Amino acid sequence: MTKRLSSGPSPTKASEAWTRGFAAAVREAAGDSGRLTAKKAKAMTGPYADNAQNFFEKAGRSWASVDTVIASGRRYVQRETEEAAGSDKKLSAVDIRKLPDDLSGDILALQGKAAPKADKPSVTKGLEDAVKAANVEGLNDYGKWFDVQTYPKSKSREDILRTIVGYDDLSDQEVNDWFSSTKGPAAVKGFAEIMRDVGKEELENREVDEPLNGEAAKALFDGVADSVQKSVVPAKLKGVELLEHSIAEDGDTAHSLLIAKKKDDSWLVVSYSDFPF
C-alpha cells in the first residue's frame with residue numbers, strides 16, 4: 001500500500017485516505033456492473049477485502065451498489081477514527097491501535113508502517129476455521145452469514161452492537177432494545193443450540209441433489225456449534241452474553257450474537273445473521 005498519511009493525521013485526513021483506497025478496491029471488484037455482490041466481496045484480496053466482506057455480513061445483503069458500499073465504509077471509518085482520536089482530534093500511534101481490527105492495520109499501512117500483531121486480541125484458530133468453513137455460497141447466497149471478530153477494550157458493548165446492526169445513530173437504549181439477552185454459561189449453550197437447530201432445519205429442507213445438500217449444511221452448523229463450545233469458556237472470561245434479534249418485518253435481518261468479554265477487557269464476538277429473501 002502506497003504511503004498516503006503523515007504521522008498524527010486528523011480523523012478527516014485518515015478517513016479520506018482510507019476511503020480513496022477502499023473505493024478503488026470496491027470499484028475494481030465490482031467491475032462494469034456498478035454492483036458489488038457478496039460473492040465478489042468474498043473473492044477480494046488485499047487490505048480492504050475484510051471491510052467489503054464485513055459490509056455484507058453485517059447488512060445481511062447479497063448485493064449493493066458500489067456507491068452504497070463506499071458510503072457505508074466512509075461513515076464507518078470517519079466514526080471510528082473520530083472516536084479513537086479523542087479531544088485533540090489527532091490520531092497518534094496509540095489511538096490507531098484502538099481502532100477495530102479491519103481499520104487499524106489499514107491506517108498504519110497508509111503511514112508506511114506494519115501493524116503490531118501482538119497488541120491485537122487473539123481468536124481461537126479452531127473457531128476462526130469453523131466460521132470460515134461455514135461461509136460457503138450454498139449458505140451465503142440464501143442470506144446466511146457467519147462471522148467472528150475481535151474488538152479492543154476501548155469499544156463498548158453498545159458500540160459493537162451498533163456496528164453489527166449498521167445503525168450508527170441508535171442510542172445505547174435503542175440498540176439494547178433490539179435484542180433479548182442471556183448471560184453466563186447458558187449463553188454459550190444457547191448459541192450452540194441455535195446453530196444445531198438451524199442445521200436440523202437445513203437437513204430437513206434441502207434437496208438431496210443440491211450442490212450443498214442437507215447433510216453437508218447441517219455439518220457446517222454443527223461445526224460452528226462444536227467450536228464455540230470448545231473455544232468460548234465462561235470460566236476463562238469476564239463475561240459472556242447471547243443476544244438475539246428476530247425478524248420483525250420484511251427486510252429485517254435476524255441476528256444471533258455471542259459476545260465474550262475477555263480478562264483483558266477486549267471482546268470476542270461470534271455472530272450469525274439470516275436475511276431471508
# chains A, B, ... in the order shown; residues from 1 in each chain; ligands from 1
call {"tool": "select_by_dssp", "arguments": {"residues": "range 22-248 of chain A", "states": "alpha helix (DSSP H)", "output": "NGL selection string"}}
result
:A and (22-30 or 38-43 or 49-59 or 66-85 or 93-97 or 101-110 or 125-134 or 137-140 or 157-165 or 172-177 or 185-205 or 214-231)
call {"tool": "residues_around", "arguments": {"residues": "range 147-161 of chain A", "least_positions_apart": "3", "cutoff": "10 Å", "atoms": "only C-alpha atoms", "output": "PyMOL selection string"}}
result
chain A and resi 53-54+57-58+80+83-84+95+97-102+119-124+127-132+134-135+164-168+170-176+178-179+243+257-262+264-273
call {"tool": "atom_distance", "arguments": {"atom1": "CA of Ala217 in chain A", "atom2": "CA of Met44 in chain A"}}
result
24.2 Å
call {"tool": "residues_around", "arguments": {"residues": "Gly8 in chain A", "least_positions_apart": "3", "cutoff": "10 Å", "atoms": "only C-alpha atoms", "output": "MDAnalysis selection string"}}
result
chainID A and resid 5 11 13:14 85 89:93 95:96 111
call {"tool": "write_last_selection", "arguments": {"atoms": "N, CA and C atoms", "output": "compact mmCIF listing (two decimals), in the first residue's frame"}}
result
# COMPACT_ATOMS: atom_id res chain seq x y z
N LEU A 5 -0.29 8.95 4.29
CA LEU A 5 -0.58 9.68 5.52
C LEU A 5 0.70 9.98 6.28
N PRO A 11 -8.69 12.80 11.98
CA PRO A 11 -9.64 11.77 11.54
C PRO A 11 -10.12 12.00 10.11
N LYS A 13 -8.49 13.51 7.57
CA LYS A 13 -7.43 13.15 6.63
C LYS A 13 -7.29 11.63 6.53
N ALA A 14 -7.31 10.95 7.68
CA ALA A 14 -7.20 9.50 7.68
C ALA A 14 -8.38 8.86 6.96
N ALA A 85 -9.49 9.20 18.11
CA ALA A 85 -8.63 10.37 18.24
C ALA A 85 -8.91 11.16 19.51
N LYS A 89 -8.20 15.51 18.45
CA LYS A 89 -8.52 15.36 17.02
C LYS A 89 -7.29 15.03 16.18
N LYS A 90 -6.40 14.25 16.77
CA LYS A 90 -5.22 13.75 16.07
C LYS A 90 -5.07 12.27 16.38
N LEU A 91 -4.73 11.48 15.37
CA LEU A 91 -4.57 10.04 15.56
C LEU A 91 -3.11 9.71 15.85
N SER A 92 -2.81 9.46 17.10
CA SER A 92 -1.48 9.01 17.48
C SER A 92 -1.35 7.52 17.20
N ALA A 93 -0.15 6.98 17.35
CA ALA A 93 0.06 5.54 17.18
C ALA A 93 -0.79 4.76 18.17
N ASP A 95 -3.66 5.79 19.46
CA ASP A 95 -5.05 5.92 19.01
C ASP A 95 -5.36 4.93 17.90
N ILE A 96 -4.43 4.78 16.97
CA ILE A 96 -4.65 3.90 15.83
C ILE A 96 -4.82 2.45 16.29
N GLN A 111 0.42 4.87 6.50
CA GLN A 111 1.56 5.63 7.03
C GLN A 111 2.88 4.93 6.74
call {"tool": "residues_around", "arguments": {"residues": "Asp32 in chain A", "least_positions_apart": "4", "cutoff": "12 Å", "atoms": "only C-alpha atoms", "output": "MDAnalysis selection string"}}
result
chainID A and resid 26:28 36 65:66
call {"tool": "write_last_selection", "arguments": {"atoms": "C-alpha atoms", "output": "short mmCIF file (atom, residue, chain, number, x, y, z; two decimals), in the first residue's frame"}}
result
data_model
loop_
_atom_site.label_atom_id
_atom_site.label_comp_id
_atom_site.auth_asym_id
_atom_site.auth_seq_id
_atom_site.Cartn_x
_atom_site.Cartn_y
_atom_site.Cartn_z
CA VAL A 26 -14.64 -1.89 -4.38
CA ARG A 27 -14.97 -0.50 -7.92
CA GLU A 28 -12.32 -2.88 -9.21
CA LEU A 36 -20.75 -5.43 -5.65
CA SER A 65 -24.32 -0.64 -5.45
CA VAL A 66 -20.70 0.42 -5.25
#
call {"tool": "closest_residue", "arguments": {"among": "A:Pro185, A:Trp63, A:Leu110, A:Gly126", "to": "Lys236 in chain A", "atoms": "only C-alpha atoms"}}
result
A:Pro185
call {"tool": "select_by_dssp", "arguments": {"residues": "range 76-264 of chain A", "states": "strand (DSSP E or B)", "output": "VMD selection string"}}
result
chain A and resid 144 to 151 180 to 183 239 to 245 254 to 261
call {"tool": "closest_residue", "arguments": {"among": "A:Ala187, A:Ala52, A:Ala192, A:Leu139", "to": "Phe275 in chain A", "atoms": "only C-alpha atoms"}}
result
A:Leu139
